[in-house]
Each structure stands twice: as C-alpha cells, then as structure tokens.
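Shown next, in structure tokens, is the structure this report addresses.
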Amino acid sequence: KKISRSKVLHHILSNGATSNNNNNNNHINKHALILVNCQNDFFENGSVPVPNASSILDKIKILRQHKFDLVIHCQEYRPGNDSSFYSNNPGSKPNEIQHFVGGRTQTIHEDYCVQGSYGAQFHSNIYIDPEDMIVRTGYNPEVDSYSAFRQSDTLIDVDGNDDNITELQYYLSSNNITHVYICGLGTDRTLQYTVLDAKETMHKSHVFFIEDASK
C-alpha cells in the first residue's frame with residue numbers, strides 16, 4: 001500500500017476527508033489526524049530548530065477546523081540522561097555518529113525536548129482539545145528512537161507483540177481508524193519514520209502524509 005502525499009486544502013477540503021459517508025452502508029470511515037513534534041524546541045528559537053517551522057501553524061489551524069474522529073499529538077519527551085545528548089557525551093560533536101557493540105549506531109544531538117522543560121512543551125499556537133490524545137516518545141535513555149510508533153530501533157511485530165511499540169498503534173486500531181493523516185515537524189527523522197511505520201503497521205488504513213503542513 002502506497003503512502004499518499006496530499007495537500008491540505010486539496011484533500012481535506014475538496015475531497016471531504018472527514019466525511020463518514022461511504023457507499024458501503026456496513027462500513028464507516030473514521031479519520032485520525034497525527035501531529036508530530038509541534039514542540040518549542042523544533043521551532044525557530046528552539047534547541048533543534050526546523051527551518052521555517054512556523055509556516056505550518058496556519059495550515060494546522062485549517063486542519064483543526066475539521067472534525068476528525070481522533071487527534072493525536074506526538075511529543076518527544078527525553079530524560080536528562082539521554083545517551084544521544086551532546087552534554088552526556090564529552091568530546092563528541094553534534095550530528096556525530098557513534099558506533100556501539102552489535103552494530104547499533106546513534107547520532108549525537110544537542111539536548112532537546114528534555115522532560116519538564118519549556119522546549120518539550122507544545123507550541124502555544126497548537127490547539128490541544130481535552131479529547132485529544134498525547135503519545136510521548138524518546139523516554140528510553142539508552143536508545144535514540146524517532147518513530148512515534150516505537151521506542152527503539154527494533155522492528156515492530158505486526159501483531160502488536162513488540163514491547164517497544166508505543167500506544168499510538170493501539171489508539172488507532174482500537175478506534176477503528178480507516179484514514180490516517182500525518183503532518184508536523186521533522187521530515188528528516190521523526191516525521192519520516194512515523195509515516196513509514198504507519199504504512200507498515202496500519203494495514204487496514206489509508207495513510208496520508210500532509211506535505212504542505214510539514215517541514
């Protein structure tokens with residue numbers, strides 16, 4: 001199954017993406033919006049800023065005007081002793097690749113999205129409804145993981161038996177989501193891996209990467 005790249009206005013507005021109508025009366029479409037890494041440290045003044053990050057804010061506001069059956073915010077929430085942090089690796093340099101026994105590699109980063117910090121908080125222009133769900137990732141200090149679907153660099157068991165998977169897959173499956181729309185920040189890492197894992201794990205859902213609401 002391919003991942004569709006869709007424009008916000010073209011797909012969400014023109015095609016009525018949040019409509020539950022279906023030609024098959026026994027089947028109801030259910031739509032989920034996943035917002036990835038809309039946190040202060042990823043915006044212009046943060047520790048790991050994404051270029052032009054603020055440009056997605058108006059597009060996300062447009063998205064939130066439409067009724068999704070489920071809205072999930074993915075929040076990196078890293079402990080201070082994260083093994084990928086520059087401050088915990090004396091002599092290293094940001095973006096340097098470290099090699100470990102067993103072949104595992106890890107990229108050194110500036111400290112970011114530290115638990116309880118301002119940088120880990122969601123941007124003030126990101127609306128969070130009381131019914132929205134929050135999925136936290138990155139809290140394993142020993143393994144630097146990017147996907148919002150899993151906490152490590154191991155493969156996901158498609159039957160959901162991997163101890164490293166997050167609750168994201170459970171939320172989507174238990175709510176019988178048929179269409180998954182993903183956008184946010186980090187097309188080079190977290191957002192990219194989250195979209196790819198959505199394709200691998202959500203076999204019964206259509207996965208859409210909203211390109212113009214992402215950086």
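Residue numbering restarts at 1 for every chain of the structure tokens, chains are lettered A, B, ... in their displayed order, and ligands are numbered from 1 as they appear.
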Checklist entry - Which polymer residues have any atom within 7 Å of an atom of Lys30 (chain A), counting only C-alpha atoms, with same-chain residues fewer than 3 positions away left out, as a ChimeraX atom specification? => result /A:20,69,176-179
Filtering to all heavy atoms, could you give me those residues as a short mmCIF file (atom, residue, chain, number, x, y, z; two decimals), in the first residue's frame?
```cif
data_model
loop_
_atom_site.label_atom_id
_atom_site.label_comp_id
_atom_site.auth_asym_id
_atom_site.auth_seq_id
_atom_site.Cartn_x
_atom_site.Cartn_y
_atom_site.Cartn_z
N ASN A 20 -17.95 10.81 6.94
CA ASN A 20 -18.11 9.39 7.25
C ASN A 20 -18.92 8.65 6.19
O ASN A 20 -19.20 7.47 6.33
CB ASN A 20 -18.80 9.22 8.61
CG ASN A 20 -17.84 9.49 9.75
OD1 ASN A 20 -16.65 9.29 9.61
ND2 ASN A 20 -18.37 9.96 10.86
N ASP A 69 -12.14 12.11 13.86
CA ASP A 69 -12.61 11.21 14.90
C ASP A 69 -11.58 11.06 16.02
O ASP A 69 -11.95 10.73 17.16
CB ASP A 69 -12.90 9.82 14.29
CG ASP A 69 -14.02 9.89 13.26
OD1 ASP A 69 -15.18 10.02 13.67
OD2 ASP A 69 -13.72 9.83 12.06
N ASN A 176 -10.77 1.97 15.41
CA ASN A 176 -11.18 1.54 14.07
C ASN A 176 -10.94 2.62 13.02
O ASN A 176 -11.77 2.89 12.15
CB ASN A 176 -12.66 1.14 14.07
CG ASN A 176 -12.94 -0.02 15.00
OD1 ASN A 176 -12.23 -1.03 14.99
ND2 ASN A 176 -13.97 0.12 15.83
N ILE A 177 -9.77 3.24 13.10
CA ILE A 177 -9.41 4.31 12.16
C ILE A 177 -9.16 3.74 10.77
O ILE A 177 -8.40 2.78 10.61
CB ILE A 177 -8.19 5.08 12.67
CG1 ILE A 177 -8.48 5.76 14.00
CG2 ILE A 177 -7.71 6.08 11.62
CD1 ILE A 177 -9.61 6.77 13.97
N THR A 178 -9.78 4.35 9.77
CA THR A 178 -9.61 3.89 8.39
C THR A 178 -8.70 4.81 7.57
O THR A 178 -8.13 4.39 6.57
CB THR A 178 -10.97 3.81 7.68
OG1 THR A 178 -11.58 5.12 7.67
CG2 THR A 178 -11.88 2.81 8.37
N HIS A 179 -8.57 6.08 8.00
CA HIS A 179 -7.76 7.04 7.28
C HIS A 179 -6.87 7.79 8.28
O HIS A 179 -7.39 8.37 9.25
CB HIS A 179 -8.62 8.05 6.52
CG HIS A 179 -9.42 7.45 5.41
ND1 HIS A 179 -10.48 6.59 5.64
CD2 HIS A 179 -9.31 7.57 4.06
CE1 HIS A 179 -11.00 6.22 4.48
NE2 HIS A 179 -10.31 6.80 3.51
#
```
Item to check | Residues near Asp197 (chain A), cut-off 10 Å, only C-alpha atoms, skip fewer than 4 positions along chain, as a list in words | outcome: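 After dropping sequence-adjacent residues, the list is Ser147, Ala148, Phe149, Arg150, Leu155, Ile156, Gln169, Leu191, Gln192, Tyr193, Thr201 and Met202 of chain A.
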Checklist entry - So which residues touch Gln75 (chain A) within 10 Å, counting only C-alpha atoms, skipping near sequence neighbours fewer than 2 positions away, as a ChimeraX atom specification? => result /A:35-39,72-73,77-78,113,120-122,134-138,148
For the residues in that selection, give me all heavy atoms as a short mmCIF file (atom, residue, chain, number, x, y, z; two decimals), in the first residue's frame.
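Full text of selection.cif as output:
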```cif
data_model
loop_
_atom_site.label_atom_id
_atom_site.label_comp_id
_atom_site.auth_asym_id
_atom_site.auth_seq_id
_atom_site.Cartn_x
_atom_site.Cartn_y
_atom_site.Cartn_z
N LEU A 35 -0.30 14.80 14.73
CA LEU A 35 0.60 15.95 14.68
C LEU A 35 1.91 15.57 15.36
O LEU A 35 1.92 15.19 16.54
CB LEU A 35 -0.04 17.15 15.38
CG LEU A 35 -1.40 17.60 14.83
CD1 LEU A 35 -2.00 18.69 15.70
CD2 LEU A 35 -1.24 18.08 13.40
N VAL A 36 3.00 15.67 14.63
CA VAL A 36 4.29 15.18 15.11
C VAL A 36 5.24 16.34 15.46
O VAL A 36 5.47 17.23 14.64
CB VAL A 36 4.96 14.28 14.05
CG1 VAL A 36 6.32 13.80 14.53
CG2 VAL A 36 4.06 13.09 13.72
N ASN A 37 5.73 16.31 16.69
CA ASN A 37 6.81 17.21 17.14
C ASN A 37 6.49 18.70 17.02
O ASN A 37 7.38 19.50 16.71
CB ASN A 37 8.10 16.92 16.37
CG ASN A 37 8.76 15.63 16.79
OD1 ASN A 37 8.28 14.96 17.69
ND2 ASN A 37 9.84 15.29 16.13
N CYS A 38 5.27 19.10 17.30
CA CYS A 38 4.94 20.53 17.28
C CYS A 38 5.31 21.15 18.63
O CYS A 38 4.46 21.72 19.34
CB CYS A 38 3.47 20.71 16.96
SG CYS A 38 3.03 20.15 15.30
N GLN A 39 6.57 21.03 18.98
CA GLN A 39 7.10 21.44 20.29
C GLN A 39 8.08 22.59 20.14
O GLN A 39 8.71 22.76 19.09
CB GLN A 39 7.78 20.25 20.96
CG GLN A 39 6.87 19.07 21.21
CD GLN A 39 7.65 17.80 21.53
OE1 GLN A 39 7.71 16.88 20.72
NE2 GLN A 39 8.23 17.74 22.74
N ILE A 72 -4.20 13.07 17.56
CA ILE A 72 -3.11 12.61 18.42
C ILE A 72 -1.91 13.54 18.25
O ILE A 72 -1.48 13.83 17.13
CB ILE A 72 -2.71 11.17 18.09
CG1 ILE A 72 -3.90 10.22 18.30
CG2 ILE A 72 -1.52 10.72 18.93
CD1 ILE A 72 -3.62 8.78 17.90
N HIS A 73 -1.36 13.99 19.37
CA HIS A 73 -0.15 14.80 19.37
C HIS A 73 1.03 13.92 19.80
O HIS A 73 0.99 13.32 20.88
CB HIS A 73 -0.28 15.97 20.34
CG HIS A 73 -1.43 16.87 20.06
ND1 HIS A 73 -1.32 18.03 19.32
CD2 HIS A 73 -2.76 16.78 20.42
CE1 HIS A 73 -2.50 18.62 19.23
NE2 HIS A 73 -3.39 17.88 19.89
N TYR A 77 9.83 13.31 24.55
CA TYR A 77 9.89 13.63 25.97
C TYR A 77 11.10 12.91 26.56
O TYR A 77 10.99 11.85 27.17
CB TYR A 77 8.59 13.20 26.65
CG TYR A 77 8.23 13.99 27.88
CD1 TYR A 77 7.96 15.35 27.79
CD2 TYR A 77 8.15 13.39 29.13
CE1 TYR A 77 7.62 16.09 28.91
CE2 TYR A 77 7.81 14.12 30.26
CZ TYR A 77 7.54 15.47 30.14
OH TYR A 77 7.21 16.20 31.26
N ARG A 78 12.26 13.51 26.37
CA ARG A 78 13.52 12.84 26.65
C ARG A 78 14.06 13.11 28.06
O ARG A 78 13.95 14.23 28.56
CB ARG A 78 14.57 13.26 25.62
CG ARG A 78 14.20 12.82 24.20
CD ARG A 78 15.17 13.31 23.16
NE ARG A 78 14.84 12.75 21.85
CZ ARG A 78 15.32 11.61 21.37
NH1 ARG A 78 16.18 10.91 22.10
NH2 ARG A 78 14.97 11.17 20.19
N CYS A 113 14.00 18.83 23.98
CA CYS A 113 12.76 18.23 24.48
C CYS A 113 12.98 17.46 25.78
O CYS A 113 12.46 16.35 25.96
CB CYS A 113 12.15 17.32 23.41
SG CYS A 113 11.59 18.20 21.94
N ALA A 120 10.20 21.14 25.58
CA ALA A 120 9.39 19.94 25.38
C ALA A 120 7.91 20.26 25.26
O ALA A 120 7.13 19.41 24.81
CB ALA A 120 9.61 18.96 26.52
N GLN A 121 7.52 21.47 25.66
CA GLN A 121 6.11 21.84 25.61
C GLN A 121 5.67 22.07 24.17
O GLN A 121 6.47 22.40 23.29
CB GLN A 121 5.88 23.12 26.42
CG GLN A 121 6.16 22.98 27.90
CD GLN A 121 6.03 24.30 28.65
OE1 GLN A 121 5.47 25.27 28.13
NE2 GLN A 121 6.56 24.35 29.86
N PHE A 122 4.37 21.92 23.93
CA PHE A 122 3.82 22.20 22.61
C PHE A 122 3.81 23.70 22.36
O PHE A 122 3.65 24.51 23.29
CB PHE A 122 2.40 21.65 22.49
CG PHE A 122 2.33 20.15 22.54
CD1 PHE A 122 1.82 19.50 23.66
CD2 PHE A 122 2.80 19.37 21.48
CE1 PHE A 122 1.76 18.11 23.71
CE2 PHE A 122 2.75 17.98 21.53
CZ PHE A 122 2.24 17.36 22.64
N ILE A 134 -2.27 12.36 23.66
CA ILE A 134 -0.85 12.68 23.57
C ILE A 134 -0.05 11.39 23.70
O ILE A 134 -0.25 10.61 24.64
CB ILE A 134 -0.42 13.67 24.67
CG1 ILE A 134 -1.13 15.02 24.47
CG2 ILE A 134 1.09 13.86 24.66
CD1 ILE A 134 -0.86 16.03 25.57
N VAL A 135 0.83 11.16 22.74
CA VAL A 135 1.72 9.99 22.77
C VAL A 135 3.14 10.49 22.96
O VAL A 135 3.65 11.26 22.13
CB VAL A 135 1.61 9.17 21.47
CG1 VAL A 135 2.66 8.06 21.45
CG2 VAL A 135 0.22 8.56 21.33
N ARG A 136 3.76 10.08 24.04
CA ARG A 136 5.13 10.51 24.32
C ARG A 136 6.14 9.47 23.85
O ARG A 136 5.93 8.27 24.02
CB ARG A 136 5.31 10.77 25.82
CG ARG A 136 4.61 12.04 26.28
CD ARG A 136 4.75 12.27 27.76
NE ARG A 136 4.30 13.61 28.13
CZ ARG A 136 4.18 14.05 29.37
NH1 ARG A 136 4.48 13.25 30.39
NH2 ARG A 136 3.77 15.29 29.61
N THR A 137 7.23 9.96 23.26
CA THR A 137 8.27 9.09 22.75
C THR A 137 9.64 9.58 23.21
O THR A 137 9.77 10.68 23.75
CB THR A 137 8.26 9.06 21.21
OG1 THR A 137 8.57 10.38 20.71
CG2 THR A 137 6.90 8.64 20.68
N GLY A 138 10.66 8.75 22.99
CA GLY A 138 12.02 9.16 23.29
C GLY A 138 12.40 9.10 24.75
O GLY A 138 13.43 9.64 25.15
N ALA A 148 7.14 7.65 16.13
CA ALA A 148 6.14 7.75 17.19
C ALA A 148 5.46 6.42 17.44
O ALA A 148 4.72 6.28 18.41
CB ALA A 148 5.10 8.80 16.83
#
```
Item to check | region 43-51 of chain A environment, 10 Å, only C-alpha atoms, sequence neighbours closer than 5 positions dropped, as a list in words | outcome: Asn37, Cys38, His109, Glu110, Asp111, Tyr112, Cys113, Tyr118, Gly119, Ala120, His123, Leu185, Gly186, Thr187, Asp188 and Lys215 of chain A
Please, could you write that set of residues out with C-alpha atoms as an mmCIF file, in the first residue's frame?
```cif
data_model
loop_
_atom_site.group_PDB
_atom_site.id
_atom_site.type_symbol
_atom_site.label_atom_id
_atom_site.label_comp_id
_atom_site.auth_asym_id
_atom_site.auth_seq_id
_atom_site.Cartn_x
_atom_site.Cartn_y
_atom_site.Cartn_z
ATOM 1 C CA ASN A 37 6.809 17.212 17.136
ATOM 2 C CA CYS A 38 4.943 20.527 17.281
ATOM 3 C CA HIS A 109 22.229 15.739 19.270
ATOM 4 C CA GLU A 110 22.036 18.984 21.135
ATOM 5 C CA ASP A 111 19.961 18.471 24.279
ATOM 6 C CA TYR A 112 16.310 18.926 23.304
ATOM 7 C CA CYS A 113 12.759 18.227 24.481
ATOM 8 C CA TYR A 118 9.935 24.667 28.004
ATOM 9 C CA GLY A 119 11.402 23.123 24.870
ATOM 10 C CA ALA A 120 9.391 19.939 25.377
ATOM 11 C CA HIS A 123 3.956 25.472 20.709
ATOM 12 C CA LEU A 185 7.981 18.755 12.017
ATOM 13 C CA GLY A 186 10.980 16.551 11.293
ATOM 14 C CA THR A 187 10.684 15.250 7.726
ATOM 15 C CA ASP A 188 14.332 14.182 8.003
ATOM 16 C CA LYS A 215 8.636 20.744 7.445
#
```
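The residue that comes closest to Glu142 (chain A), out of A:Ser117, A:Ser83, A:Ser173, A:Thr107 and on the basis of only C-alpha atoms, is A:Ser83.
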Checklist entry - Between A:Gly80, A:Leu70, A:Gln98, A:Ser87, which has the minimum distance to Met133 (chain A) (counting only C-alpha atoms)? => result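 The answer is A:Leu70, which sits nearest to Met133 (chain A).
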Item to check | Which of region 55-202 of chain A DSSP labels helix (DSSP H, G or I), written as a PyMOL selection string | outcome: chain A and resi 55-64+86-88+118-120+168-174+190-201
Next on the checklist: Which residues are close to Ile182 (chain A), i.e. within 7 Å by only C-alpha atoms, leaving aside same-chain residues fewer than 2 positions away? Reply as a list in words.
Outcome noted: Leu33, Ile34, Leu35, Val180, Val195, Phe208, Phe209 and Ile210 of chain A
Next on the checklist: Please determine, counting only C-alpha atoms, which residue among A:Ile62, A:Ile126, A:Ala32, A:Val71 has the shortest atom-to-atom distance to Ala198 (chain A).
Outcome noted: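 So, comparing all the options, the nearest one is A:Ala32.
Between CA of Ser124 (chain A) and CA of Arg64 (chain A) the separation is 14.6 Å.
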Checklist entry - Distance CA of Ile128 (chain A)-CA of His66 (chain A), one decimal place? => result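 These two atoms are separated by 13.9 Å.
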Item to check | CA of Tyr181 (chain A) to CA of His206 (chain A), straight-line distance in Å | outcome: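 One can read the CA of His206 (chain A) to CA of Tyr181 (chain A) distance as 8.5 Å.
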Next on the checklist: Could you pull out the strand (DSSP E or B) residues of region 32-117 of chain A, going by DSSP on the backbone, and write them as a ChimeraX atom specification?
Outcome noted: /A:32-36,39,70-76,78,85,97-99,105-107,109,114
Selection export as a PDB file, in the first residue's frame, atoms kept: N, CA, C and O atoms:
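Listing of out_7.pdb after writing:
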```pdb
ATOM      1  N   ALA A  32      -8.202   9.973  11.486  1.00  0.00           N
ATOM      2  CA  ALA A  32      -7.331  10.424  12.578  1.00  0.00           C
ATOM      3  C   ALA A  32      -6.304  11.402  12.046  1.00  0.00           C
ATOM      4  O   ALA A  32      -5.749  11.215  10.956  1.00  0.00           O
ATOM      5  N   LEU A  33      -6.055  12.437  12.803  1.00  0.00           N
ATOM      6  CA  LEU A  33      -5.002  13.404  12.500  1.00  0.00           C
ATOM      7  C   LEU A  33      -3.877  13.222  13.504  1.00  0.00           C
ATOM      8  O   LEU A  33      -4.120  13.246  14.715  1.00  0.00           O
ATOM      9  N   ILE A  34      -2.659  13.017  13.016  1.00  0.00           N
ATOM     10  CA  ILE A  34      -1.497  12.866  13.887  1.00  0.00           C
ATOM     11  C   ILE A  34      -0.563  14.049  13.663  1.00  0.00           C
ATOM     12  O   ILE A  34      -0.088  14.285  12.545  1.00  0.00           O
ATOM     13  N   LEU A  35      -0.304  14.801  14.726  1.00  0.00           N
ATOM     14  CA  LEU A  35       0.598  15.954  14.680  1.00  0.00           C
ATOM     15  C   LEU A  35       1.905  15.566  15.362  1.00  0.00           C
ATOM     16  O   LEU A  35       1.917  15.192  16.536  1.00  0.00           O
ATOM     17  N   VAL A  36       3.002  15.668  14.628  1.00  0.00           N
ATOM     18  CA  VAL A  36       4.293  15.181  15.111  1.00  0.00           C
ATOM     19  C   VAL A  36       5.238  16.338  15.462  1.00  0.00           C
ATOM     20  O   VAL A  36       5.474  17.226  14.642  1.00  0.00           O
ATOM     21  N   GLN A  39       6.574  21.035  18.980  1.00  0.00           N
ATOM     22  CA  GLN A  39       7.096  21.442  20.288  1.00  0.00           C
ATOM     23  C   GLN A  39       8.078  22.590  20.137  1.00  0.00           C
ATOM     24  O   GLN A  39       8.705  22.764  19.087  1.00  0.00           O
ATOM     25  N   LEU A  70     -10.324  11.306  15.690  1.00  0.00           N
ATOM     26  CA  LEU A  70      -9.253  11.167  16.676  1.00  0.00           C
ATOM     27  C   LEU A  70      -8.119  12.111  16.291  1.00  0.00           C
ATOM     28  O   LEU A  70      -7.722  12.173  15.130  1.00  0.00           O
ATOM     29  N   VAL A  71      -7.632  12.865  17.263  1.00  0.00           N
ATOM     30  CA  VAL A  71      -6.470  13.729  17.055  1.00  0.00           C
ATOM     31  C   VAL A  71      -5.408  13.330  18.064  1.00  0.00           C
ATOM     32  O   VAL A  71      -5.678  13.252  19.267  1.00  0.00           O
ATOM     33  N   ILE A  72      -4.204  13.070  17.563  1.00  0.00           N
ATOM     34  CA  ILE A  72      -3.113  12.614  18.425  1.00  0.00           C
ATOM     35  C   ILE A  72      -1.910  13.540  18.254  1.00  0.00           C
ATOM     36  O   ILE A  72      -1.484  13.826  17.128  1.00  0.00           O
ATOM     37  N   HIS A  73      -1.362  13.990  19.368  1.00  0.00           N
ATOM     38  CA  HIS A  73      -0.147  14.802  19.371  1.00  0.00           C
ATOM     39  C   HIS A  73       1.026  13.920  19.799  1.00  0.00           C
ATOM     40  O   HIS A  73       0.988  13.319  20.885  1.00  0.00           O
ATOM     41  N   CYS A  74       2.038  13.826  18.968  1.00  0.00           N
ATOM     42  CA  CYS A  74       3.236  13.052  19.315  1.00  0.00           C
ATOM     43  C   CYS A  74       4.266  13.986  19.925  1.00  0.00           C
ATOM     44  O   CYS A  74       4.660  14.978  19.302  1.00  0.00           O
ATOM     45  N   GLN A  75       4.692  13.679  21.127  1.00  0.00           N
ATOM     46  CA  GLN A  75       5.570  14.553  21.891  1.00  0.00           C
ATOM     47  C   GLN A  75       6.853  13.823  22.289  1.00  0.00           C
ATOM     48  O   GLN A  75       6.808  12.850  23.038  1.00  0.00           O
ATOM     49  N   GLU A  76       7.983  14.292  21.760  1.00  0.00           N
ATOM     50  CA  GLU A  76       9.257  13.750  22.243  1.00  0.00           C
ATOM     51  C   GLU A  76       9.448  14.240  23.671  1.00  0.00           C
ATOM     52  O   GLU A  76       9.284  15.422  23.965  1.00  0.00           O
ATOM     53  N   ARG A  78      12.257  13.510  26.373  1.00  0.00           N
ATOM     54  CA  ARG A  78      13.522  12.839  26.648  1.00  0.00           C
ATOM     55  C   ARG A  78      14.056  13.111  28.058  1.00  0.00           C
ATOM     56  O   ARG A  78      13.952  14.227  28.556  1.00  0.00           O
ATOM     57  N   PHE A  85      22.418  12.686  23.894  1.00  0.00           N
ATOM     58  CA  PHE A  85      22.635  14.109  24.120  1.00  0.00           C
ATOM     59  C   PHE A  85      24.121  14.460  24.092  1.00  0.00           C
ATOM     60  O   PHE A  85      24.956  13.738  24.646  1.00  0.00           O
ATOM     61  N   ILE A  97      28.205  10.529  14.479  1.00  0.00           N
ATOM     62  CA  ILE A  97      27.656   9.182  14.568  1.00  0.00           C
ATOM     63  C   ILE A  97      28.510   8.340  15.507  1.00  0.00           C
ATOM     64  O   ILE A  97      29.724   8.239  15.327  1.00  0.00           O
ATOM     65  N   GLN A  98      27.879   7.753  16.519  1.00  0.00           N
ATOM     66  CA  GLN A  98      28.587   6.854  17.419  1.00  0.00           C
ATOM     67  C   GLN A  98      28.233   5.413  17.073  1.00  0.00           C
ATOM     68  O   GLN A  98      27.109   5.109  16.706  1.00  0.00           O
ATOM     69  N   HIS A  99      29.220   4.522  17.224  1.00  0.00           N
ATOM     70  CA  HIS A  99      29.017   3.110  16.918  1.00  0.00           C
ATOM     71  C   HIS A  99      29.117   2.295  18.202  1.00  0.00           C
ATOM     72  O   HIS A  99      30.006   2.510  19.025  1.00  0.00           O
ATOM     73  N   THR A 105      24.069   2.102  15.768  1.00  0.00           N
ATOM     74  CA  THR A 105      24.641   3.439  15.669  1.00  0.00           C
ATOM     75  C   THR A 105      23.692   4.448  16.298  1.00  0.00           C
ATOM     76  O   THR A 105      22.494   4.189  16.460  1.00  0.00           O
ATOM     77  N   GLN A 106      24.238   5.589  16.656  1.00  0.00           N
ATOM     78  CA  GLN A 106      23.426   6.618  17.290  1.00  0.00           C
ATOM     79  C   GLN A 106      23.994   7.985  16.946  1.00  0.00           C
ATOM     80  O   GLN A 106      25.203   8.186  16.961  1.00  0.00           O
ATOM     81  N   THR A 107      23.120   8.904  16.612  1.00  0.00           N
ATOM     82  CA  THR A 107      23.532  10.262  16.281  1.00  0.00           C
ATOM     83  C   THR A 107      23.516  11.132  17.527  1.00  0.00           C
ATOM     84  O   THR A 107      22.565  11.081  18.319  1.00  0.00           O
ATOM     85  N   HIS A 109      23.037  14.535  19.469  1.00  0.00           N
ATOM     86  CA  HIS A 109      22.229  15.739  19.270  1.00  0.00           C
ATOM     87  C   HIS A 109      22.493  16.760  20.362  1.00  0.00           C
ATOM     88  O   HIS A 109      22.944  16.429  21.460  1.00  0.00           O
ATOM     89  N   VAL A 114      13.743  18.048  26.669  1.00  0.00           N
ATOM     90  CA  VAL A 114      14.009  17.424  27.964  1.00  0.00           C
ATOM     91  C   VAL A 114      12.739  17.467  28.812  1.00  0.00           C
ATOM     92  O   VAL A 114      12.026  18.467  28.848  1.00  0.00           O
TER      93      VAL A 114
END
```
Next on the checklist: Just want the 12 Å neighbourhood of Asp58 (chain A), counted on only C-alpha atoms, with same-chain residues fewer than 3 positions away dropped. Output as a list in words.
Outcome noted: Val8, Leu9, Ala53, Ser54, Ser55, Lys61, Ile62, Leu63, Arg64, Gln65, Asn125, Ile126, Tyr127, Gly184, Asp212, Ala213 and Ser214 of chain A
Next on the checklist: What's around Glu96 (chain A) at 8 Å? Count only C-alpha atoms, leave out sequence neighbours fewer than 3 positions away in its own chain, and write the answer as an NGL selection string.
Outcome noted: :A and (92-93 or 107-108)
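Checking A:His27, A:Asp129, A:Tyr146, A:Ile60 one by one against Arg189 (chain A), counting only C-alpha atoms, you find the shortest gap at A:Tyr146.
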